[in-house]
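*Asks:* Starting off with a structure, shown below.
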Amino acid sequence: MFTGRGADLIVECLVRAGIDRLFGVPGDTGVVFYDALYHRTGDITHVLARDERHAAAMADGYARVRNAVGVVEVSSGGGTTYVVGGLGEAFASSVPVLLITSDIHRNSRGSGALTEIDQQALFSAVTKWRATVEDAAQIPSVVAAALAEITTGRPAPAAVIVPEDVLDQRVSVPTSVFAELADAASLPRQRPVAPMGDIERVAMLLDAAEAPAVLAGSGVHLSRATESLRTLSDKAGIPVATTIHGKGAIADDSPWSIGIAGNNGGADHVNAYLAEADVVLLVGTRANATDTNGYTGPRRSGAIVVGVDIEAARAARNYPGALVLVGDADRILAGLAERVTTGRPGRAGELRARLDRDRRRWAADSAQPARMLEGQLLPSDVIRVAQETMGPVCVVADPGTPTPNVAAFWRVTEAGRSVIVPRGHGPMGYAIPAAVGVAFATPGQPVLALTADGSFNMSCGELETAARFNLPIVFIQFTNHSMGWIKMLQHLYTGRRYFGVDPGTVDAAAVAEASGIRGVRATDLAEVKAAITDALHLRQPVYIDVEVPHMIDHTPPVPAWTRALAGDTERPVY
């Protein structure tokens with residue numbers, strides 16, 4: 001028999017589910033929950049964030065790398081409204097996050113009490129499931145139901161809302177209620193498979209194709225399907241492109257890897273191949289306008305498109321008439337790999353020759369000189385030096401300058417989810433707190449976080465969190481003294497009328513120093529390398545501020561912008 005307060009019972013449920021860490025910020029209504037955590041520090045670790053949105057980003061980064069549920073805890077009122085900003089990214093990007101939030105006393109409902117808000121309504125747009133606990137005895141079943149929702153089908157956040165008096169309520173429950181919580185926080189929970197007849201039909205289509213392709217998204221990582229994808233591509237000779245979320249689904253040095261697709265870091269030759277492909281598997285991806293370069297790769301007509309997804313409503317939903325294989329990506333890809341052949345004679349050799357030619361041309365084009373001021377560095381060069389110095393670490397990137405450059409230039413040498421980019425909503429300020437979560441998910445391993453000056457100003461408070469725990473994170477900031485992405489859009493699409501995009505400059509290195517982290521202002525690549533080397537040797541965090549050319553002066557790999565500079569000034573619809 002378990003006896004204690006409701007708050008103690010929540011902690012017990014988390015521990016029984018295999019959760020040993022949560023991220024959060026305390027508030028009035030959650031005081032009893034924090035008292036429960038105080039008594040269980042040997043079983044579960046609380047990471048105090050400086051902001052609830054950042055706590056959600058920490059749980060998000062932690063969950064992506066661990067492929068398990070990340071937990072964020074906040075209190076009513078401001079805590080709940082702040083955390084929504086972090087949950088939006090997790091919801092859009094299929095990240096398994098459990099939100100635990102305290103609420104006002106049940107007797108205060110409708111009284112206009114301080115921090116009162118309809119949490120069920122508030123979280124409706126950023127969670128797939130939510131419930132309010134009205135009696136402490138319900139806690140085990142509600143937590144189990146939340147974890148089941150998060151880890152079944154498409155992963156996404158769920159919320160457990162507990163009034164403060166329920167947290168304080170004394171309760172006794174039999175230990176048998178914990179049985180359904182065992183290992184409930186891991187993914188994937190279920191592995192459904194599409195009908196074998198449908199898999200055989202798609203295998204025959206791949207065999208008959210002249211130019212087959214796979215566009216792999218984050219579903220490959222969630223399903224742990226990288227080995228099955230490699231087996232399929234190697235056996236049948238199928239080129240594999242990935243979305244940004246899918247980066248690492250296949251190693252970049254695989255002969256069948258063609259790189260990132262789409263309109264944010266996608267290479268022209270990758271988009272061109274997908275546009276010409278006659279049979280394309282969309283595996284675990286939304287395949288939205290950004291991922292498919294405006295639905296041109298693959299084409300909406302003239303190609304056979306097959307959607308592979310755990311959720312029927314999302315399988316190739318942007319491609320009317322597509323075939324669908326609903327189920328676990330790993331099982332479906334393994335089934336296809338068993339049934340395909342090498343295709344028509346000569347196909348593999350022809351495709352390999354094309355891919356090799358395209359790679360050489362892209363590498364030569366990427367090496368073109370840029371217009372820079374003294375002391376500025378190219379993001380691609382900084383990324384290259386960071387990778388050479390740090391090796392195969394996990395990298396977290398913010399929107400703006402970091403995203404297309406990481407997508408295009410960071411090399412994944414071993415298949416797996418080691419590149420984290422928030423492309424669900426593209427929230428600025430994600431990388432610094434998410435890197436904290438990633439560091440806790442990979443204890444003792446260095447982490448690279450790439451941010452920019454706009455994002456830094458939104459999340460720099462979490463540098464103190466990295467310092468407090470002495471996390472081995474190398475932060476690199478690309479500084480162009482503006483809201484660079486939006487200014488570039490104004491440059492291309494609104495007649496170069498720049499407005500609201502030029503804030504004042506903040507000395508990021510000095511802020512890092514004030515937060516307890518070594519701050520470096522690097523003006524050449526040797527200084528970048530030295531700062532990284534020192535941080536790795538000391539196993540301490542470092543913040544490196546690097547000035548880069550504005551996107552107006554050096555266009556990142558964003559295909560729509562290249563087209564705009566060539567005269568196509570119609571703004572793409574995302």
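By order of appearance in the structure tokens: chains A, B, ..., then residues from 1 within every chain, and ligands from 1 in the order shown.
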Can you tell me which residues surround segment 82-86 of chain A at a distance of at most 8 Å, considering only C-alpha atoms, apart from same-chain residues fewer than 5 positions away, and format the answer as a PyMOL selection string?

*Replies:* chain A and resi 51-57+74+122-123+126

*Asks:* Give me, as a list of chain:residue names, all polymer residues having an atom no more than 9 Å from Ile117 of chain A, counting only C-alpha atoms and skipping those fewer than 6 positions away in the same chain.

*Replies:*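 Neighbouring residues, sequence-local ones excluded: A:Ser76, A:Gly77, A:Thr80, A:Asp103, A:Ile104.
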
*Asks:* Write out, as a compact mmCIF listing (two decimals), in the first residue's frame, the residues just selected, with C-alpha atoms.

*Replies:*
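Below is the file that was written, result-v1.txt:
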```txt
# COMPACT_ATOMS: atom_id res chain seq x y z
CA SER A 76 -0.93 28.06 -12.63
CA GLY A 77 -1.29 31.49 -14.20
CA THR A 80 0.91 27.91 -17.74
CA ASP A 103 -3.86 24.72 -10.50
CA ILE A 104 -5.78 26.84 -8.02
```

*Asks:* Compare A:Ile332, A:Ala90, A:Ala466, A:Leu536 by their minimum atom-to-atom distance to Phe440 of chain A, counting only C-alpha atoms, and give me the closest one.

*Replies:*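 Between A:Ile332, A:Ala90, A:Ala466, A:Leu536, the residue approaching Phe440 of chain A most closely is A:Ala466.
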
*Asks:* Can you list every residue in segment 257-413 of chain A that DSSP puts in helix (DSSP H, G or I), as an MDAnalysis selection string?

*Replies:* chainID A and resid 268:276 312:314 329:339 347:366 379:390 402:409

*Asks:* Since we have the selection now, will you write its residues out, keeping C-alpha atoms, as a PDB file, in the first residue's frame?

*Replies:*
```
ATOM      1  CA  ASP A 268      19.312  22.208 -55.574  1.00  0.00           C
ATOM      2  CA  HIS A 269      20.388  18.757 -56.730  1.00  0.00           C
ATOM      3  CA  VAL A 270      18.415  17.080 -53.933  1.00  0.00           C
ATOM      4  CA  ASN A 271      15.247  18.987 -54.774  1.00  0.00           C
ATOM      5  CA  ALA A 272      15.810  18.309 -58.476  1.00  0.00           C
ATOM      6  CA  TYR A 273      16.151  14.571 -57.947  1.00  0.00           C
ATOM      7  CA  LEU A 274      12.982  14.410 -55.855  1.00  0.00           C
ATOM      8  CA  ALA A 275      11.163  16.469 -58.493  1.00  0.00           C
ATOM      9  CA  GLU A 276      12.157  13.958 -61.184  1.00  0.00           C
ATOM     10  CA  ALA A 312      -3.459   7.634 -41.069  1.00  0.00           C
ATOM     11  CA  ALA A 313      -4.595  11.256 -41.176  1.00  0.00           C
ATOM     12  CA  ARG A 314      -0.998  12.454 -41.638  1.00  0.00           C
ATOM     13  CA  ALA A 329       8.104   2.958 -39.861  1.00  0.00           C
ATOM     14  CA  ASP A 330      10.642   0.353 -38.790  1.00  0.00           C
ATOM     15  CA  ARG A 331       8.335  -2.587 -39.457  1.00  0.00           C
ATOM     16  CA  ILE A 332       7.154  -1.197 -42.791  1.00  0.00           C
ATOM     17  CA  LEU A 333      10.665  -0.389 -44.025  1.00  0.00           C
ATOM     18  CA  ALA A 334      11.871  -3.816 -42.901  1.00  0.00           C
ATOM     19  CA  GLY A 335       8.961  -5.412 -44.756  1.00  0.00           C
ATOM     20  CA  LEU A 336       9.803  -3.484 -47.917  1.00  0.00           C
ATOM     21  CA  ALA A 337      13.484  -4.423 -47.593  1.00  0.00           C
ATOM     22  CA  GLU A 338      12.563  -8.110 -47.486  1.00  0.00           C
ATOM     23  CA  ARG A 339      10.479  -7.847 -50.661  1.00  0.00           C
ATOM     24  CA  ARG A 347      19.595   1.268 -62.528  1.00  0.00           C
ATOM     25  CA  ALA A 348      21.772   1.309 -59.433  1.00  0.00           C
ATOM     26  CA  GLY A 349      24.924   2.160 -61.360  1.00  0.00           C
ATOM     27  CA  GLU A 350      23.252   4.987 -63.262  1.00  0.00           C
ATOM     28  CA  LEU A 351      21.833   6.498 -60.097  1.00  0.00           C
ATOM     29  CA  ARG A 352      25.139   6.234 -58.237  1.00  0.00           C
ATOM     30  CA  ALA A 353      26.924   8.019 -61.058  1.00  0.00           C
ATOM     31  CA  ARG A 354      24.349  10.811 -60.999  1.00  0.00           C
ATOM     32  CA  LEU A 355      24.561  11.210 -57.233  1.00  0.00           C
ATOM     33  CA  ASP A 356      28.356  11.347 -57.275  1.00  0.00           C
ATOM     34  CA  ARG A 357      28.290  13.976 -60.024  1.00  0.00           C
ATOM     35  CA  ASP A 358      25.716  16.057 -58.164  1.00  0.00           C
ATOM     36  CA  ARG A 359      27.729  15.932 -54.921  1.00  0.00           C
ATOM     37  CA  ARG A 360      30.898  17.138 -56.617  1.00  0.00           C
ATOM     38  CA  ARG A 361      29.075  19.998 -58.304  1.00  0.00           C
ATOM     39  CA  TRP A 362      27.384  21.040 -55.050  1.00  0.00           C
ATOM     40  CA  ALA A 363      30.666  20.991 -53.149  1.00  0.00           C
ATOM     41  CA  ALA A 364      32.264  23.220 -55.798  1.00  0.00           C
ATOM     42  CA  ASP A 365      29.334  25.646 -55.783  1.00  0.00           C
ATOM     43  CA  SER A 366      29.350  25.817 -51.963  1.00  0.00           C
ATOM     44  CA  PRO A 379      28.785  30.204 -40.793  1.00  0.00           C
ATOM     45  CA  SER A 380      29.733  27.207 -42.955  1.00  0.00           C
ATOM     46  CA  ASP A 381      33.414  27.645 -42.041  1.00  0.00           C
ATOM     47  CA  VAL A 382      32.609  27.958 -38.336  1.00  0.00           C
ATOM     48  CA  ILE A 383      30.504  24.796 -38.496  1.00  0.00           C
ATOM     49  CA  ARG A 384      33.305  22.953 -40.280  1.00  0.00           C
ATOM     50  CA  VAL A 385      35.859  23.957 -37.627  1.00  0.00           C
ATOM     51  CA  ALA A 386      33.468  23.061 -34.817  1.00  0.00           C
ATOM     52  CA  GLN A 387      32.874  19.617 -36.273  1.00  0.00           C
ATOM     53  CA  GLU A 388      36.559  18.984 -36.900  1.00  0.00           C
ATOM     54  CA  THR A 389      37.366  19.995 -33.321  1.00  0.00           C
ATOM     55  CA  MET A 390      34.461  18.380 -31.468  1.00  0.00           C
ATOM     56  CA  PRO A 402      21.938  28.387 -37.846  1.00  0.00           C
ATOM     57  CA  THR A 403      19.185  26.285 -39.426  1.00  0.00           C
ATOM     58  CA  PRO A 404      20.010  26.218 -43.156  1.00  0.00           C
ATOM     59  CA  ASN A 405      23.740  26.145 -42.452  1.00  0.00           C
ATOM     60  CA  VAL A 406      23.499  23.195 -40.073  1.00  0.00           C
ATOM     61  CA  ALA A 407      21.150  21.436 -42.479  1.00  0.00           C
ATOM     62  CA  ALA A 408      23.518  21.868 -45.383  1.00  0.00           C
ATOM     63  CA  PHE A 409      26.984  21.704 -43.833  1.00  0.00           C
TER      64      PHE A 409
END
```

*Asks:* Once you count only C-alpha atoms, what closest atom pair and distance in Å to one decimal does each residue of segment 79-107 of chain A within 10 Å of segment 16-34 of chain A have, with rows by chain and rising residue number, as a tab-separated table?

*Replies:*
```
residue	atom	partner	partner_atom	distance
A:Gly79	CA	A:Gly27	CA	7.5
A:Val83	CA	A:Gly24	CA	9.6
A:Leu98	CA	A:Leu22	CA	9.5
A:Leu99	CA	A:Gly24	CA	9.7
A:Ile100	CA	A:Gly24	CA	9.3
A:Thr101	CA	A:Gly30	CA	7.7
A:Ser102	CA	A:Gly30	CA	5.4
A:Asp103	CA	A:Thr29	CA	5.9
A:Ile104	CA	A:Thr29	CA	6.2
A:His105	CA	A:Thr29	CA	8.1
```

*Asks:* What's around segment 169-171 of chain A at 6 Å? Count only C-alpha atoms, leave out sequence neighbours fewer than 3 positions away in its own chain, and write the answer as a list in words.

*Replies:*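 Counting only the stated atoms, we get Thr3, Gly4, Arg5, Gly6 and Val166 of chain A.
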
*Asks:* Just asking: which residues within segment 142-362 of chain A are strand (DSSP E or B) according to DSSP, as a PyMOL selection string?

*Replies:* chain A and resi 158-163+170-173+186+212-216+240-242+257-260+279-283+296+299+304-309+323-326

*Asks:* Quick one: pull the distance between atom CA of Glu414 of chain A and atom CA of Gly248 of chain A, Å, one decimal.

*Replies:*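 A separation of 7.3 Å between them.
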
*Asks:* Report, in Å to a single decimal, how far apart atom CA of Thr479 of chain A and atom CA of Val546 of chain A are.

*Replies:*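 Atom-to-atom, atom CA of Val546 of chain A and atom CA of Thr479 of chain A are spaced 5.9 Å apart.
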
*Asks:* Excluding Ser455 of chain A and any residue of its chain fewer than 2 positions from it, enumerate the residues within 12 Å of it, using only C-alpha atoms, and give them as a ChimeraX atom specification.

*Replies:* /A:397-402,426-433,449-453,457-462,476-485,506,508

*Asks:* What's around Gln190 of chain A at 12 Å? Count only C-alpha atoms, leave out sequence neighbours fewer than 6 positions away in its own chain, and write the answer as a PDB file with N, CA, C and O atoms, in the first residue's frame.

*Replies:*
```pdb
ATOM      1  N   ALA A 148       0.377   6.940 -21.992  1.00  0.00           N
ATOM      2  CA  ALA A 148      -0.082   6.100 -23.103  1.00  0.00           C
ATOM      3  C   ALA A 148      -0.416   6.950 -24.323  1.00  0.00           C
ATOM      4  O   ALA A 148      -0.076   6.590 -25.462  1.00  0.00           O
ATOM      5  N   GLU A 149      -1.081   8.076 -24.106  1.00  0.00           N
ATOM      6  CA  GLU A 149      -1.407   8.965 -25.222  1.00  0.00           C
ATOM      7  C   GLU A 149      -0.143   9.525 -25.864  1.00  0.00           C
ATOM      8  O   GLU A 149      -0.039   9.625 -27.096  1.00  0.00           O
ATOM      9  N   ILE A 150       0.815   9.923 -25.052  1.00  0.00           N
ATOM     10  CA  ILE A 150       2.051  10.521 -25.569  1.00  0.00           C
ATOM     11  C   ILE A 150       2.826   9.544 -26.426  1.00  0.00           C
ATOM     12  O   ILE A 150       3.377   9.917 -27.469  1.00  0.00           O
ATOM     13  N   THR A 151       2.868   8.282 -26.026  1.00  0.00           N
ATOM     14  CA  THR A 151       3.745   7.311 -26.672  1.00  0.00           C
ATOM     15  C   THR A 151       3.037   6.391 -27.652  1.00  0.00           C
ATOM     16  O   THR A 151       3.673   5.521 -28.250  1.00  0.00           O
ATOM     17  N   THR A 152       1.738   6.558 -27.831  1.00  0.00           N
ATOM     18  CA  THR A 152       0.986   5.732 -28.778  1.00  0.00           C
ATOM     19  C   THR A 152       0.622   6.565 -30.002  1.00  0.00           C
ATOM     20  O   THR A 152       0.190   7.709 -29.880  1.00  0.00           O
ATOM     21  N   GLY A 153       0.792   5.984 -31.180  1.00  0.00           N
ATOM     22  CA  GLY A 153       0.526   6.738 -32.398  1.00  0.00           C
ATOM     23  C   GLY A 153       1.559   7.840 -32.566  1.00  0.00           C
ATOM     24  O   GLY A 153       2.735   7.669 -32.254  1.00  0.00           O
ATOM     25  N   ARG A 154       1.117   8.982 -33.084  1.00  0.00           N
ATOM     26  CA  ARG A 154       2.054  10.099 -33.242  1.00  0.00           C
ATOM     27  C   ARG A 154       2.359  10.693 -31.872  1.00  0.00           C
ATOM     28  O   ARG A 154       1.461  11.152 -31.175  1.00  0.00           O
ATOM     29  N   PRO A 155       3.641  10.711 -31.465  1.00  0.00           N
ATOM     30  CA  PRO A 155       3.979  11.313 -30.182  1.00  0.00           C
ATOM     31  C   PRO A 155       3.633  12.800 -30.171  1.00  0.00           C
ATOM     32  O   PRO A 155       3.750  13.490 -31.178  1.00  0.00           O
ATOM     33  N   ALA A 184       6.626   2.984 -19.072  1.00  0.00           N
ATOM     34  CA  ALA A 184       5.597   3.660 -19.863  1.00  0.00           C
ATOM     35  C   ALA A 184       6.101   4.908 -20.562  1.00  0.00           C
ATOM     36  O   ALA A 184       5.352   5.528 -21.317  1.00  0.00           O
ATOM     37  N   LEU A 222      11.885   8.360 -34.420  1.00  0.00           N
ATOM     38  CA  LEU A 222      10.962   7.952 -33.371  1.00  0.00           C
ATOM     39  C   LEU A 222      10.741   6.444 -33.372  1.00  0.00           C
ATOM     40  O   LEU A 222      10.558   5.828 -32.324  1.00  0.00           O
ATOM     41  N   SER A 223      10.786   5.843 -34.548  1.00  0.00           N
ATOM     42  CA  SER A 223      10.593   4.405 -34.685  1.00  0.00           C
ATOM     43  C   SER A 223      11.894   3.622 -34.546  1.00  0.00           C
ATOM     44  O   SER A 223      11.873   2.390 -34.584  1.00  0.00           O
ATOM     45  N   ILE A 310       2.609   6.565 -38.883  1.00  0.00           N
ATOM     46  CA  ILE A 310       1.909   5.884 -37.811  1.00  0.00           C
ATOM     47  C   ILE A 310       0.472   6.367 -37.694  1.00  0.00           C
ATOM     48  O   ILE A 310      -0.379   5.687 -37.132  1.00  0.00           O
ATOM     49  N   GLY A 327       1.375   2.590 -40.220  1.00  0.00           N
ATOM     50  CA  GLY A 327       1.973   1.709 -39.228  1.00  0.00           C
ATOM     51  C   GLY A 327       3.335   2.198 -38.808  1.00  0.00           C
ATOM     52  O   GLY A 327       3.755   3.317 -39.126  1.00  0.00           O
ATOM     53  N   ASP A 328       4.038   1.364 -38.091  1.00  0.00           N
ATOM     54  CA  ASP A 328       5.362   1.675 -37.571  1.00  0.00           C
ATOM     55  C   ASP A 328       6.377   1.718 -38.705  1.00  0.00           C
ATOM     56  O   ASP A 328       6.464   0.789 -39.509  1.00  0.00           O
ATOM     57  N   ALA A 329       7.163   2.781 -38.757  1.00  0.00           N
ATOM     58  CA  ALA A 329       8.104   2.958 -39.861  1.00  0.00           C
ATOM     59  C   ALA A 329       9.132   1.833 -39.924  1.00  0.00           C
ATOM     60  O   ALA A 329       9.484   1.361 -41.018  1.00  0.00           O
ATOM     61  N   ASP A 330       9.623   1.394 -38.788  1.00  0.00           N
ATOM     62  CA  ASP A 330      10.642   0.353 -38.790  1.00  0.00           C
ATOM     63  C   ASP A 330      10.095  -0.942 -39.371  1.00  0.00           C
ATOM     64  O   ASP A 330      10.740  -1.587 -40.216  1.00  0.00           O
ATOM     65  N   ARG A 331       8.905  -1.339 -38.954  1.00  0.00           N
ATOM     66  CA  ARG A 331       8.335  -2.587 -39.457  1.00  0.00           C
ATOM     67  C   ARG A 331       8.002  -2.490 -40.940  1.00  0.00           C
ATOM     68  O   ARG A 331       8.205  -3.453 -41.698  1.00  0.00           O
TER      69      ARG A 331
END
```

*Asks:* What does the structure give for the distance between atom CA of Leu167 of chain A and atom CA of Val142 of chain A, in Å to one decimal?

*Replies:*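 Atom CA of Val142 of chain A lies at a distance of 13.8 Å from atom CA of Leu167 of chain A.
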
*Asks:* Quick one: of A:Thr127, A:Ile420, A:Ala566, A:Ile544, who's nearest to Val395 of chain A, counting only C-alpha atoms?

*Replies:* A:Ile420

*Asks:* Pick the closest to Phe91 of chain A from A:Arg300, A:Arg344, A:His425, A:Arg189: which is it, counting only C-alpha atoms?

*Replies:*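 Counting only C-alpha atoms, the residue closest to Phe91 of chain A is A:His425.
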
*Asks:* List the spatial neighbours of Trp256 of chain A as a list of chain:residue names - criterion: any atom at most 8 Å away, only C-alpha atoms, same-chain residues fewer than 5 positions off excluded.

*Replies:*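 Contacts, in chain order: A:Ser233, A:Asp234, A:Gly237, A:Ile238, A:Pro239, A:Val240, A:Arg352, A:Leu355.
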
*Asks:* Keeping only all heavy atoms, write the selected residues as a CSV table (one decimal), in the first residue's frame.

*Replies:*
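Writing done, so here's selection.csv:
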```
chain,number,residue,atom,x,y,z
A,233,SER,N,17.6,0.9,-48.7
A,233,SER,CA,18.3,1.7,-49.7
A,233,SER,C,19.4,1.0,-50.3
A,233,SER,O,19.7,1.1,-51.5
A,233,SER,CB,18.7,3.1,-49.1
A,233,SER,OG,19.7,2.9,-48.1
A,234,ASP,N,20.2,0.3,-49.5
A,234,ASP,CA,21.3,-0.5,-50.0
A,234,ASP,C,20.9,-1.6,-50.9
A,234,ASP,O,21.5,-1.8,-52.0
A,234,ASP,CB,22.2,-1.0,-48.8
A,234,ASP,CG,23.0,0.0,-48.1
A,234,ASP,OD1,23.1,1.1,-48.6
A,234,ASP,OD2,23.6,-0.3,-47.1
A,237,GLY,N,19.0,0.0,-54.0
A,237,GLY,CA,19.6,1.2,-54.7
A,237,GLY,C,18.7,2.4,-54.7
A,237,GLY,O,18.5,2.9,-55.8
A,238,ILE,N,18.2,2.8,-53.6
A,238,ILE,CA,17.2,3.9,-53.5
A,238,ILE,C,17.9,5.1,-52.9
A,238,ILE,O,18.2,5.0,-51.7
A,238,ILE,CB,15.9,3.5,-52.8
A,238,ILE,CG1,15.3,2.3,-53.4
A,238,ILE,CG2,15.0,4.7,-52.7
A,238,ILE,CD1,14.1,1.8,-52.7
A,239,PRO,N,18.0,6.2,-53.6
A,239,PRO,CA,18.5,7.4,-53.0
A,239,PRO,C,17.6,7.9,-51.8
A,239,PRO,O,16.4,7.9,-52.0
A,239,PRO,CB,18.6,8.4,-54.1
A,239,PRO,CG,18.7,7.6,-55.4
A,239,PRO,CD,17.8,6.4,-55.0
A,240,VAL,N,18.2,8.4,-50.8
A,240,VAL,CA,17.5,8.9,-49.6
A,240,VAL,C,17.8,10.3,-49.3
A,240,VAL,O,18.9,10.7,-49.1
A,240,VAL,CB,17.8,8.0,-48.3
A,240,VAL,CG1,17.0,8.5,-47.1
A,240,VAL,CG2,17.5,6.5,-48.6
A,352,ARG,N,23.9,5.9,-59.0
A,352,ARG,CA,25.1,6.2,-58.2
A,352,ARG,C,26.0,7.2,-59.0
A,352,ARG,O,26.5,8.2,-58.4
A,352,ARG,CB,25.9,5.0,-58.0
A,352,ARG,CG,25.4,4.1,-56.9
A,352,ARG,CD,25.7,4.6,-55.5
A,352,ARG,NE,27.1,4.6,-55.3
A,352,ARG,CZ,27.8,3.6,-54.8
A,352,ARG,NH1,27.2,2.4,-54.6
A,352,ARG,NH2,29.1,3.7,-54.6
A,355,LEU,N,24.4,10.7,-58.6
A,355,LEU,CA,24.6,11.2,-57.2
A,355,LEU,C,26.0,11.7,-57.0
A,355,LEU,O,26.2,12.8,-56.4
A,355,LEU,CB,24.2,10.2,-56.2
A,355,LEU,CG,22.7,9.6,-56.2
A,355,LEU,CD1,22.5,8.7,-55.0
A,355,LEU,CD2,21.7,10.8,-56.2
```

*Asks:* My list of candidates is A:Val71, A:Ala249, A:Val447, A:Val65. Which is closest to Pro472 of chain A when distances are computed with only C-alpha atoms?

*Replies:*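 With only C-alpha atoms as the atom set, the closest residue is A:Val447.
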